[in-house]
$ cat final_19.cif   # mmCIF, C-alpha atoms
data_target
#
loop_
_atom_site.label_atom_id
_atom_site.label_comp_id
_atom_site.auth_asym_id
_atom_site.auth_seq_id
_atom_site.Cartn_x
_atom_site.Cartn_y
_atom_site.Cartn_z
CA MET Z 929 22.97 -6.14 -7.13
CA GLN Z 930 25.94 -6.93 -4.90
CA ALA Z 931 25.17 -7.22 -1.21
CA ARG Z 932 27.71 -4.55 -0.32
CA GLU Z 933 26.28 -2.14 -2.85
CA PHE Z 934 22.82 -2.83 -1.47
CA ASP Z 935 24.01 -2.11 2.07
CA ALA Z 936 25.56 1.18 0.94
CA LEU Z 937 22.28 2.20 -0.65
CA THR Z 938 20.37 1.16 2.44
CA ASP Z 939 22.72 3.21 4.61
CA THR Z 940 22.33 6.27 2.38
CA ARG Z 941 18.58 5.97 2.45
CA ARG Z 942 18.63 5.47 6.20
CA THR Z 943 20.68 8.62 6.74
CA GLU Z 944 18.43 10.60 4.40
CA LEU Z 945 15.31 9.49 6.22
CA GLU Z 946 16.90 10.23 9.59
CA GLN Z 947 17.74 13.74 8.44
CA LEU Z 948 14.22 14.29 7.15
CA ILE Z 949 12.78 13.12 10.46
CA SER Z 950 15.12 15.41 12.47
CA ARG Z 951 14.19 18.38 10.30
CA THR Z 952 10.52 17.47 10.64
CA ALA Z 953 11.01 17.49 14.41
CA LEU Z 954 12.14 21.12 14.06
CA GLY Z 955 8.94 21.99 12.23
CA ASP Z 956 10.45 21.96 8.72
CA ARG Z 957 7.43 21.46 6.44
CA GLU Z 958 9.56 20.95 3.35
CA ALA Z 959 11.35 18.05 5.02
CA PHE Z 960 7.98 16.64 6.09
CA ASP Z 961 6.79 16.86 2.47
CA ALA Z 962 9.92 15.06 1.29
CA LEU Z 963 9.45 12.41 3.99
CA TYR Z 964 5.88 11.94 2.83
CA ALA Z 965 6.93 11.61 -0.81
CA ALA Z 966 9.62 9.08 0.08
CA THR Z 967 7.58 6.88 2.41
CA SER Z 968 3.81 7.30 1.94
CA ALA Z 969 3.37 4.60 -0.73
CA LYS Z 970 5.04 2.04 1.55
CA LEU Z 971 3.10 3.08 4.65
CA HIS Z 972 -0.11 3.14 2.62
CA ALA Z 973 0.63 -0.46 1.59
CA VAL Z 974 1.08 -1.37 5.28
CA VAL Z 975 -2.25 0.12 6.41
CA LEU Z 976 -4.05 -1.23 3.33
CA SER Z 977 -2.68 -4.72 3.96
CA ILE Z 978 -4.18 -4.64 7.47
CA LEU Z 979 -7.43 -2.78 6.82
CA LYS Z 980 -8.20 -4.09 3.31
CA ASP Z 981 -10.42 -1.10 2.70
CA ARG Z 982 -9.21 1.82 0.61
CA PRO Z 983 -11.14 4.72 2.14
CA GLU Z 984 -10.31 3.55 5.66
CA ALA Z 985 -6.66 2.98 4.75
CA GLU Z 986 -6.49 6.50 3.35
CA GLU Z 987 -7.87 7.92 6.62
CA ALA Z 988 -5.44 5.79 8.62
CA LEU Z 989 -2.58 7.06 6.46
CA GLN Z 990 -3.56 10.63 7.33
CA ASP Z 991 -3.58 9.74 11.04
CA VAL Z 992 -0.15 8.17 10.61
CA TYR Z 993 1.46 11.29 9.12
CA VAL Z 994 -0.21 13.53 11.70
CA ARG Z 995 1.43 11.29 14.34
CA ILE Z 996 4.75 11.38 12.54
CA TRP Z 997 4.68 15.20 12.45
CA LYS Z 998 3.82 15.38 16.14
CA GLY Z 999 6.12 12.56 17.26
CA ALA Z 1000 9.21 13.29 15.15
CA SER Z 1001 11.01 14.92 18.08
CA ARG Z 1002 10.87 11.64 19.98
CA TYR Z 1003 12.40 9.65 17.14
CA ALA Z 1004 16.06 10.36 17.84
CA SER Z 1005 15.99 8.72 21.24
CA ASN Z 1006 14.15 5.51 20.48
CA GLY Z 1007 16.92 3.53 18.79
CA LEU Z 1008 14.78 2.19 15.91
CA SER Z 1009 15.86 2.51 12.29
CA PRO Z 1010 13.80 5.23 10.57
CA MET Z 1011 11.81 2.88 8.34
CA THR Z 1012 11.00 0.57 11.25
CA TRP Z 1013 9.80 3.52 13.29
CA LEU Z 1014 7.55 4.70 10.45
CA ILE Z 1015 6.23 1.21 9.71
CA THR Z 1016 5.55 0.62 13.42
CA ILE Z 1017 3.48 3.80 13.65
CA ALA Z 1018 1.53 2.82 10.51
CA ARG Z 1019 0.97 -0.74 11.63
CA ASN Z 1020 -0.16 0.26 15.13
CA ARG Z 1021 -2.59 2.83 13.79
CA ALA Z 1022 -4.10 0.33 11.35
CA ILE Z 1023 -4.39 -2.34 14.06
CA ASP Z 1024 -6.09 0.13 16.43
CA ARG Z 1025 -8.65 0.80 13.71
CA LEU Z 1026 -9.05 -2.89 12.92
CA ARG Z 1027 -9.65 -3.81 16.56
CA ALA Z 1028 -12.02 -0.86 17.02
CA ARG Z 1029 -13.95 -2.08 13.97
CA ALA Z 1030 -14.41 -5.45 15.65
CA SER Z 1031 -15.55 -3.45 18.73
CA ARG Z 1032 -13.02 -5.24 20.88
CA PRO Z 1033 -10.88 -3.46 23.43
CA ALA Z 1034 -7.80 -2.04 21.74
CA THR Z 1035 -4.69 -4.09 22.23
CA ALA Z 1036 -1.71 -2.65 23.98
CA PRO Z 1037 -0.03 0.09 22.04
CA ALA Z 1038 3.20 -1.59 21.00
CA GLU Z 1039 4.08 1.94 19.97
CA ALA Z 1040 4.88 2.60 23.61
CA ALA Z 1041 8.05 0.67 22.92
CA SER Z 1042 9.05 3.17 20.27
CA THR Z 1043 8.47 6.19 22.50
CA ILE Z 1044 10.76 5.18 25.33
CA ALA Z 1045 14.42 5.99 25.14
CA ALA Z 1046 16.83 3.36 23.95
CA THR Z 1047 19.48 2.37 26.46
CA ALA Z 1048 22.28 1.58 24.08
CA PRO Z 1049 21.76 2.37 20.41
CA THR Z 1050 24.91 1.15 18.71
CA PRO Z 1051 26.14 1.72 15.14
CA GLU Z 1052 26.72 -2.02 14.74
CA ALA Z 1053 23.02 -2.58 15.34
CA ALA Z 1054 22.18 -1.16 11.91
CA THR Z 1055 24.48 -3.59 10.10
CA ILE Z 1056 23.21 -6.50 12.12
CA HIS Z 1057 19.65 -5.57 11.28
CA ALA Z 1058 20.42 -5.36 7.55
CA GLN Z 1059 21.76 -8.90 7.67
CA GLU Z 1060 18.83 -10.11 9.76
CA ARG Z 1061 16.40 -8.64 7.29
CA ARG Z 1062 17.88 -10.64 4.45
CA LEU Z 1063 17.68 -13.76 6.59
CA LEU Z 1064 14.08 -13.20 7.60
CA ASP Z 1065 12.59 -14.64 4.43
CA GLU Z 1066 14.93 -17.62 4.47
CA CYS Z 1067 14.06 -18.33 8.09
CA LEU Z 1068 10.33 -18.00 7.51
CA ALA Z 1069 10.70 -20.53 4.73
CA GLN Z 1070 12.21 -22.95 7.25
CA LEU Z 1071 9.08 -22.82 9.43
CA ALA Z 1072 6.13 -25.04 8.54
CA ASP Z 1073 3.81 -23.31 6.05
CA THR Z 1074 1.01 -22.87 8.58
CA GLN Z 1075 3.38 -21.28 11.08
CA ALA Z 1076 5.02 -18.94 8.59
CA GLY Z 1077 1.56 -18.07 7.29
CA ALA Z 1078 0.40 -17.25 10.82
CA VAL Z 1079 3.39 -14.96 11.47
CA ARG Z 1080 2.67 -13.13 8.21
CA ALA Z 1081 -1.07 -12.93 8.94
CA VAL Z 1082 -0.39 -11.44 12.37
CA TYR Z 1083 2.17 -8.92 11.14
CA LEU Z 1084 0.79 -7.98 7.73
CA GLU Z 1085 -2.93 -8.42 8.28
CA GLY Z 1086 -3.24 -7.71 11.99
CA ALA Z 1087 -4.66 -11.15 12.82
CA SER Z 1088 -5.29 -11.73 16.54
CA TYR Z 1089 -4.99 -15.02 18.44
CA ALA Z 1090 -8.78 -15.30 18.23
CA ASP Z 1091 -8.62 -14.95 14.44
CA LEU Z 1092 -5.89 -17.61 14.19
CA ALA Z 1093 -7.81 -19.96 16.51
CA GLN Z 1094 -10.94 -19.61 14.39
CA GLN Z 1095 -9.00 -20.15 11.20
CA GLU Z 1096 -7.24 -23.26 12.51
CA GLY Z 1097 -10.23 -24.61 14.41
CA LYS Z 1098 -8.13 -24.89 17.57
CA PRO Z 1099 -8.38 -23.38 21.06
CA ILE Z 1100 -6.73 -19.98 21.54
CA ASN Z 1101 -4.21 -21.34 24.05
CA THR Z 1102 -3.02 -24.02 21.64
CA VAL Z 1103 -2.61 -21.51 18.84
CA ARG Z 1104 -0.83 -19.12 21.16
CA SER Z 1105 1.58 -21.78 22.32
CA TRP Z 1106 2.64 -22.79 18.79
CA LEU Z 1107 2.87 -19.23 17.54
CA ARG Z 1108 5.15 -18.30 20.47
CA ARG Z 1109 7.37 -21.27 19.64
CA SER Z 1110 7.39 -20.33 15.96
CA LEU Z 1111 8.48 -16.82 16.87
CA LEU Z 1112 11.29 -18.11 19.07
CA ARG Z 1113 12.47 -20.42 16.28
CA LEU Z 1114 12.35 -17.51 13.88
CA LYS Z 1115 14.47 -15.40 16.20
CA ASP Z 1116 17.02 -18.19 16.70
CA CYS Z 1117 17.31 -18.67 12.96
CA VAL Z 1118 17.58 -14.97 12.14
CA SER Z 1119 20.14 -14.24 14.89
CA GLN Z 1120 22.45 -17.15 14.03
CA MET V 1200 13.05 -27.17 21.69
CA THR V 1201 10.18 -29.57 21.15
CA ASP V 1202 6.55 -28.61 21.38
CA ASP V 1203 5.96 -29.98 24.86
CA THR V 1204 9.01 -28.73 26.80
CA PRO V 1205 7.98 -25.69 28.78
CA LEU V 1206 9.68 -22.44 27.80
CA THR V 1207 12.49 -21.15 30.00
CA ALA V 1208 11.97 -17.84 31.77
CA GLN V 1209 14.18 -16.17 29.19
CA GLN V 1210 12.17 -17.67 26.33
CA GLU V 1211 8.94 -16.56 28.02
CA ASP V 1212 10.26 -12.99 28.12
CA GLU V 1213 11.36 -13.16 24.51
CA ALA V 1214 7.96 -14.48 23.41
CA LEU V 1215 6.19 -11.79 25.43
CA ALA V 1216 8.34 -9.11 23.76
CA ALA V 1217 7.38 -10.52 20.35
CA GLU V 1218 3.70 -10.55 21.28
CA LEU V 1219 3.84 -6.95 22.45
CA ALA V 1220 5.62 -5.86 19.28
CA LEU V 1221 3.00 -7.68 17.21
CA GLY V 1222 0.03 -6.23 19.12
CA LEU V 1223 -1.15 -9.71 20.16
CA LEU V 1224 -1.67 -8.93 23.84
CA ASP V 1225 -4.77 -7.45 25.35
CA GLY V 1226 -6.31 -6.65 28.71
CA PRO V 1227 -4.25 -6.76 31.90
CA GLU V 1228 -1.49 -8.75 30.21
CA ALA V 1229 -1.00 -5.93 27.72
CA GLU V 1230 -1.02 -3.30 30.44
CA ALA V 1231 1.57 -5.19 32.46
CA ALA V 1232 3.84 -5.61 29.43
CA VAL V 1233 3.59 -1.93 28.53
CA ALA V 1234 4.36 -0.95 32.13
CA ARG V 1235 7.40 -3.21 32.04
CA LEU V 1236 8.86 -1.26 29.11
CA SER V 1237 9.74 1.66 31.33
CA THR V 1238 11.21 -0.41 34.17
CA ASP V 1239 13.01 -3.19 32.30
CA PRO V 1240 15.46 -1.89 29.66
CA GLU V 1241 16.32 -5.39 28.49
CA PHE V 1242 12.69 -6.16 27.83
CA ALA V 1243 12.26 -2.82 26.02
CA ALA V 1244 15.30 -3.62 23.88
CA ALA V 1245 13.85 -7.04 23.04
CA VAL V 1246 10.61 -5.40 21.90
CA ARG V 1247 12.52 -2.96 19.68
CA GLU V 1248 14.51 -5.83 18.21
CA TRP V 1249 11.29 -7.61 17.31
CA GLN V 1250 10.03 -4.46 15.65
CA GLU V 1251 13.23 -4.24 13.58
CA ARG V 1252 13.20 -7.93 12.77
CA LEU V 1253 9.60 -8.02 11.59
CA ALA V 1254 9.68 -4.70 9.71
CA GLY V 1255 11.39 -6.66 6.91
CA LEU V 1256 7.98 -8.23 6.21
CA ALA V 1257 6.44 -4.80 5.61
CA GLU V 1258 9.37 -3.68 3.49
CA GLY V 1259 8.53 -6.54 1.16
CA LEU V 1260 5.05 -5.14 0.45
CA THR V 1261 4.45 -3.55 -2.93
CA PRO V 1262 4.11 0.20 -2.38
CA VAL V 1263 0.61 1.55 -3.02
CA MET V 1264 0.51 5.23 -3.88
CA ALA V 1265 -2.05 7.24 -1.97
CA PRO V 1266 -4.20 9.75 -3.86
CA ALA V 1267 -2.95 13.34 -3.72
CA ARG V 1268 -5.97 14.39 -1.67
CA ALA V 1269 -4.61 12.38 1.29
CA ARG V 1270 -1.60 14.73 1.36
CA GLN V 1271 -3.88 17.75 1.17
CA TYR V 1272 -6.01 16.49 4.10
CA ILE V 1273 -2.88 15.95 6.19
CA ARG V 1274 -1.78 19.53 5.49
CA GLU V 1275 -5.21 20.78 6.51
CA ARG V 1276 -5.29 18.71 9.69
CA LEU V 1277 -1.90 20.09 10.71
CA GLY V 1278 -2.85 23.65 9.78
CA HIS V 1279 -0.14 23.74 7.10
CA ALA V 1280 -2.48 24.68 4.32
CA ASP V 1281 -5.87 26.20 3.73
CA ALA V 1282 -8.60 24.00 2.36
CA PRO V 1283 -9.11 24.75 -1.33
CA LEU V 1284 -11.13 27.98 -1.63
CA ALA V 1285 -10.88 28.55 2.12
CA THR V 1286 -9.49 32.02 1.38
CA ASP V 1287 -12.15 34.52 0.49
CA PRO V 1288 -11.17 35.90 -2.92
CA THR V 1289 -13.02 39.15 -2.18
CA GLU V 1290 -10.77 39.88 0.80
CA GLY V 1291 -8.51 42.94 0.56
CA ALA V 1292 -5.28 42.56 -1.36
CA SER V 1293 -2.59 40.71 0.57
CA TRP V 1294 0.62 42.54 1.43
CA TRP V 1295 2.59 40.87 -1.31
CA ARG V 1296 0.28 42.38 -3.92
CA GLY V 1297 1.00 45.96 -2.69
CA PRO V 1298 4.15 48.07 -3.32
CA ILE V 1299 6.11 46.31 -0.57
CA GLY V 1300 5.27 43.07 -2.24
CA VAL V 1301 6.72 44.35 -5.51
CA ILE V 1302 10.02 45.21 -3.80
CA ALA V 1303 10.07 41.90 -1.93
CA GLY V 1304 9.28 40.19 -5.21
CA PHE V 1305 12.20 41.93 -6.86
CA PHE V 1306 14.60 40.78 -4.15
CA ALA V 1307 13.21 37.28 -4.33
CA ALA V 1308 13.71 37.24 -8.11
CA ALA V 1309 17.24 38.58 -7.69
CA ALA V 1310 17.98 35.90 -5.13
CA ILE V 1311 16.67 33.19 -7.45
CA ALA V 1312 18.70 34.63 -10.34
CA PHE V 1313 21.78 34.62 -8.12
CA VAL V 1314 21.20 31.00 -7.20
CA LEU V 1315 20.56 30.02 -10.81
CA PHE V 1316 23.54 31.79 -12.27
CA SER V 1317 26.15 31.62 -9.56
CA PRO V 1318 28.82 29.13 -10.62
CA ASP V 1319 28.40 26.91 -7.56
CA ALA V 1320 24.66 26.51 -7.96
CA PRO V 1321 23.57 22.97 -8.81
CA LEU V 1322 22.40 22.52 -12.38
CA PRO V 1323 18.65 22.74 -12.82
CA GLN V 1324 17.26 19.24 -12.50
CA GLN V 1325 16.66 17.38 -15.73
CA GLY V 1326 13.00 16.68 -16.40
CA TYR V 1327 11.46 13.73 -18.21
CA ARG V 1328 7.96 12.75 -19.12
CA ALA V 1329 6.19 9.61 -20.24
CA GLU V 1330 2.71 9.41 -21.74
CA LEU V 1331 1.16 6.04 -21.07
CA ALA V 1332 -1.90 5.14 -23.11
CA SER V 1333 -3.53 1.86 -24.06
CA ASP V 1334 -3.88 0.82 -27.69
CA ALA V 1335 -7.65 0.93 -27.32
CA GLY V 1336 -7.41 4.54 -26.14
CA ASP V 1337 -9.50 3.86 -23.04
CA MET V 1338 -6.84 4.91 -20.55
CA ALA V 1339 -4.15 7.57 -20.28
CA VAL V 1340 -1.66 8.20 -17.51
CA GLU V 1341 1.04 10.85 -17.51
CA ALA V 1342 4.30 10.56 -15.57
CA ILE V 1343 6.57 13.56 -15.05
CA LEU V 1344 9.99 13.29 -13.45
CA ARG V 1345 11.89 16.26 -12.04
CA GLY V 1346 15.13 15.17 -10.49
CA ARG V 1347 14.11 12.10 -8.50
CA GLU V 1348 10.57 13.24 -7.87
CA MET V 1349 7.95 11.61 -10.03
CA ARG V 1350 4.41 12.85 -10.39
CA ILE V 1351 1.87 10.49 -11.91
CA ALA V 1352 -1.53 11.74 -13.04
CA MET V 1353 -4.45 9.51 -13.92
CA GLN V 1354 -6.00 11.22 -16.94
CA SER V 1355 -8.62 8.74 -18.07
CA GLY V 1356 -9.71 5.20 -17.37
CA SER V 1357 -9.40 3.23 -14.15
CA PRO V 1358 -8.72 -0.40 -13.25
CA ALA V 1359 -11.60 -2.86 -13.07
CA GLU V 1360 -13.17 -3.66 -9.69
CA GLY V 1361 -10.80 -5.87 -7.68
CA ARG V 1362 -7.84 -5.00 -9.96
CA ASP V 1363 -5.03 -2.45 -9.68
CA TRP V 1364 -2.58 -0.91 -12.09
CA GLU V 1365 1.02 -1.38 -11.12
CA VAL V 1366 3.81 0.87 -12.41
CA TRP V 1367 7.09 -0.70 -13.53
CA TRP V 1368 10.45 0.88 -14.20
CA LEU V 1369 12.23 -0.75 -17.14
CA ALA V 1370 15.92 -0.13 -17.67
CA GLU V 1371 18.04 -1.94 -20.20
CA GLY V 1372 19.85 -4.92 -18.77
CA SER V 1373 17.86 -5.04 -15.50
CA ASP V 1374 14.71 -6.74 -14.36
CA PRO V 1375 11.60 -4.57 -14.13
CA VAL V 1376 11.31 -2.80 -10.77
CA SER V 1377 7.87 -2.16 -9.28
CA LEU V 1378 7.27 1.47 -8.39
CA GLY V 1379 4.00 0.57 -6.75
CA VAL V 1380 0.30 0.51 -7.38
CA LEU V 1381 -1.45 3.60 -8.74
CA PRO V 1382 -4.22 5.34 -6.86
CA ARG V 1383 -7.61 4.69 -8.49
CA GLU V 1384 -8.03 8.35 -9.37
CA GLY V 1385 -6.33 11.71 -9.10
CA ASP V 1386 -2.57 12.04 -9.00
CA MET V 1387 0.34 11.36 -6.73
CA THR V 1388 3.96 12.22 -6.17
CA MET V 1389 6.69 9.80 -5.17
CA MET V 1390 10.47 9.70 -4.91
CA LEU V 1391 12.23 7.34 -7.28
CA PRO V 1392 13.73 4.46 -5.27
CA GLU V 1393 17.52 4.54 -5.01
CA GLY V 1394 19.33 2.49 -7.62
CA LEU V 1395 17.09 3.74 -10.45
CA GLU V 1396 18.50 6.49 -12.66
CA PRO V 1397 16.24 8.56 -14.90
CA SER V 1398 17.55 8.64 -18.47
CA GLN V 1399 16.33 8.67 -22.06
CA GLY V 1400 16.73 4.89 -22.29
CA ALA V 1401 14.42 4.13 -19.38
CA ARG V 1402 10.81 3.12 -19.89
CA ILE V 1403 7.73 2.99 -17.72
CA ALA V 1404 5.07 0.32 -18.02
CA LEU V 1405 1.66 -0.31 -16.47
CA SER V 1406 0.36 -3.80 -15.84
CA ASP V 1407 -3.06 -4.96 -14.73
CA GLU V 1408 -2.70 -6.82 -11.41
CA PRO V 1409 -4.81 -8.23 -8.58
CA GLU V 1410 -5.84 -5.60 -6.00
CA GLY V 1411 -2.82 -4.50 -3.97
CA GLY V 1412 -0.37 -5.31 -6.74
CA SER V 1413 1.48 -8.29 -8.10
CA PRO V 1414 1.74 -11.05 -5.49
CA THR V 1415 5.06 -12.25 -6.93
CA GLY V 1416 7.11 -9.08 -7.39
CA GLN V 1417 7.02 -9.68 -11.17
CA ALA V 1418 4.27 -8.45 -13.46
CA THR V 1419 1.61 -11.19 -13.55
CA GLY V 1420 -1.14 -9.46 -15.52
CA PRO V 1421 -1.22 -8.08 -19.03
CA VAL V 1422 0.90 -5.01 -19.69
CA ILE V 1423 -1.56 -2.33 -20.73
CA ALA V 1424 0.84 0.46 -21.68
CA VAL V 1425 4.57 1.12 -22.09
CA ALA V 1426 6.22 4.49 -22.76
CA ASN V 1427 9.72 5.88 -23.08
CA LEU V 1428 10.96 8.69 -20.90
CA THR V 1429 11.44 11.73 -23.09
CA ASP V 1430 13.28 14.96 -22.30
CA MET V 1431 11.17 17.86 -21.22
#

$ encode --input "final_19.cif" --output "structure tokens"
Amino acid sequence: MQAREFDALTDTRRTELEQLISRTALGDREAFDALYAATSAKLHAVVLSILKDRPEAEEALQDVYVRIWKGASRYASNGLSPMTWLITIARNRAIDRLRARASRPATAPAEAASTIAATAPTPEAATIHAQERRLLDECLAQLADTQAGAVRAVYLEGASYADLAQQEGKPINTVRSWLRRSLLRLKDCVSQ
Amino acid sequence: MTDDTPLTAQQEDEALAAELALGLLDGPEAEAAVARLSTDPEFAAAVREWQERLAGLAEGLTPVMAPARARQYIRERLGHADAPLATDPTEGASWWRGPIGVIAGFFAAAAIAFVLFSPDAPLPQQGYRAELASDAGDMAVEAILRGREMRIAMQSGSPAEGRDWEVWWLAEGSDPVSLGVLPREGDMTMMLPEGLEPSQGARIALSDEPEGGSPTGQATGPVIAVANLTDM
């Protein structure tokens, strides 16, 4: 598929999802149903990837859509693309459950970042993000395997610094230092 | 940037934003970063950018359909629907069963007829179905498409422990597209991803994959059933 065609499709989908979220914010149950049909398999994959337990992932998915229903009115002002907003809610919910399972104090709700108003949401941002997304895989491939693997483990499996340290047999501070550098390299590469 | 040069203040902020977006912070450090979101717009923007940037990783995951009961539980939790059998069948007749209901029903039918037959009304959506069954007859799955909405029902059989069945959309001249992993039981409804057009020539296939779906984006396991879409 041509890149331009792909972008057009992405834009259409983005607008559709935005409309469904706005209508959901107004209490439109039909729109909420359509939003569920369009996105639940993806969000289920996100929570399942982190929790690795079907019954728990199914419960988390329910929590996620209850939050989406209740939080839809705050979506318009946060400046995130609709899919990122939905994925962020799903990921945060799954990580909360994962950390609670390990009976550790819950980490900071990164979701807070999606509830505060954006200062300057620009139309160009969407295009830039579409390009960045395509670059993400290429840039991850440029990192060393261990580093790319760690970024994926943290994002897709909810690994903590303690988990990474245990896995690598290194102190937490060492692991933290190289992951931070990997993330900065990733950003430099993606934003080129 | 080598591994032993200390990060600049700007890099420190950027790394902190990434860590907050990833949920890697805890304790007082997490609290301080969250508090900073409301006082430092640049920092908040950096966190949002990390969320956008990394969401691409999640978009690469193979979709996994949730069982239909998950949708029902959500409806119940939000008070959008009664639990099955929550309504007492011996209760007095509801208003729509009485004479007013008949009149309302008549108007509703008239309105539907108007919509169906008025020249501007969209054509009724074309429906397709596919019956997927293995040669051995130990599994059967039915897929029904109305417009772009696809309902998939597990009728018999289920994947082995540690395996999943992945659904593929096959159109002539294109590579198979994964529609996701089936729930282990029950049924589910999904919207057809954009770019796929239902037609008589399209086929649906099921392959047996590791739990969570094919790790490569291509079918890796044996294809257990293939069926054509047929008009309904």

$ closest_residue --input "final_19.cif" --among "V:Asp1374, V:Thr1388, V:Ala1342, V:Pro1205" --to "chain Z" --atoms "all atoms listed in the file"
V:Thr1388

$ interface_residues --input "final_19.cif" --of "chain V" --to "chain Z" --cutoff "6 Å" --atoms "all atoms listed in the file" --output "PDB file with C-alpha atoms, keeping the file's coordinate frame"
ATOM      1  CA  ALA V1214       7.960 -14.480  23.410  1.00  0.00           C
ATOM      2  CA  LEU V1219       3.840  -6.950  22.450  1.00  0.00           C
ATOM      3  CA  ALA V1220       5.620  -5.860  19.280  1.00  0.00           C
ATOM      4  CA  GLY V1222       0.030  -6.230  19.120  1.00  0.00           C
ATOM      5  CA  LEU V1223      -1.150  -9.710  20.160  1.00  0.00           C
ATOM      6  CA  LEU V1224      -1.670  -8.930  23.840  1.00  0.00           C
ATOM      7  CA  ASP V1225      -4.770  -7.450  25.350  1.00  0.00           C
ATOM      8  CA  ALA V1229      -1.000  -5.930  27.720  1.00  0.00           C
ATOM      9  CA  GLU V1251      13.230  -4.240  13.580  1.00  0.00           C
ATOM     10  CA  ALA V1254       9.680  -4.700   9.710  1.00  0.00           C
ATOM     11  CA  GLY V1255      11.390  -6.660   6.910  1.00  0.00           C
ATOM     12  CA  PRO V1262       4.110   0.200  -2.380  1.00  0.00           C
ATOM     13  CA  VAL V1263       0.610   1.550  -3.020  1.00  0.00           C
ATOM     14  CA  MET V1264       0.510   5.230  -3.880  1.00  0.00           C
ATOM     15  CA  ILE V1273      -2.880  15.950   6.190  1.00  0.00           C
ATOM     16  CA  MET V1389       6.690   9.800  -5.170  1.00  0.00           C
ATOM     17  CA  MET V1390      10.470   9.700  -4.910  1.00  0.00           C
TER      18      MET V1390
END

$ atom_distance --input "final_19.cif" --atom1 "atom CA of Gln1250 of chain V" --atom2 "atom CA of Ala1216 of chain V"
9.5 Å

$ atom_distance --input "final_19.cif" --atom1 "atom CA of Glu1408 of chain V" --atom2 "atom CA of Met1387 of chain V"
19.0 Å

$ resolve_selection --input "final_19.cif" --expression "the PyMOL selection byres ((chain V and resi 1235) around 12)" --output "number ranges by chain"
Z: 1038, 1040-1041, 1044; V: 1212, 1215-1216, 1219, 1228-1234, 1236-1246

$ atom_distance --input "final_19.cif" --atom1 "atom CA of Leu954 of chain Z" --atom2 "atom CA of Glu1348 of chain V"
23.4 Å

$ closest_residue --input "final_19.cif" --among "V:Gly1346, V:Gly1411, V:Gly1356, V:Pro1421" --to "Ala1332 of chain V" --atoms "only C-alpha atoms"
V:Gly1356

$ resolve_selection --input "final_19.cif" --expression "the PyMOL selection byres ((chain V and resi 1385) around 8)" --output "ChimeraX atom specification"
/V:1266-1268,1352-1354,1382-1384,1386-1387

$ resolve_selection --input "final_19.cif" --expression "the PyMOL selection byres ((chain V and resi 1326) around 10)" --output "PyMOL selection string"
chain V and resi 1323-1325+1327-1328+1343-1349+1397-1398+1428-1431

$ closest_residue --input "final_19.cif" --among "V:Ser1377, V:Thr1261, V:Leu1405, V:Gly1361" --to "Asp981 of chain Z" --atoms "only C-alpha atoms"
V:Gly1361

$ axis_aligned_box --input "final_19.cif" --around "segment 1409-1428 of chain V" --padding-each-side "3 Å" --output "AutoDock Vina command-line options"
--center_x 2.6 --center_y -1.8 --center_z -13.5 --size_x 22.8 --size_y 26.9 --size_z 25.1
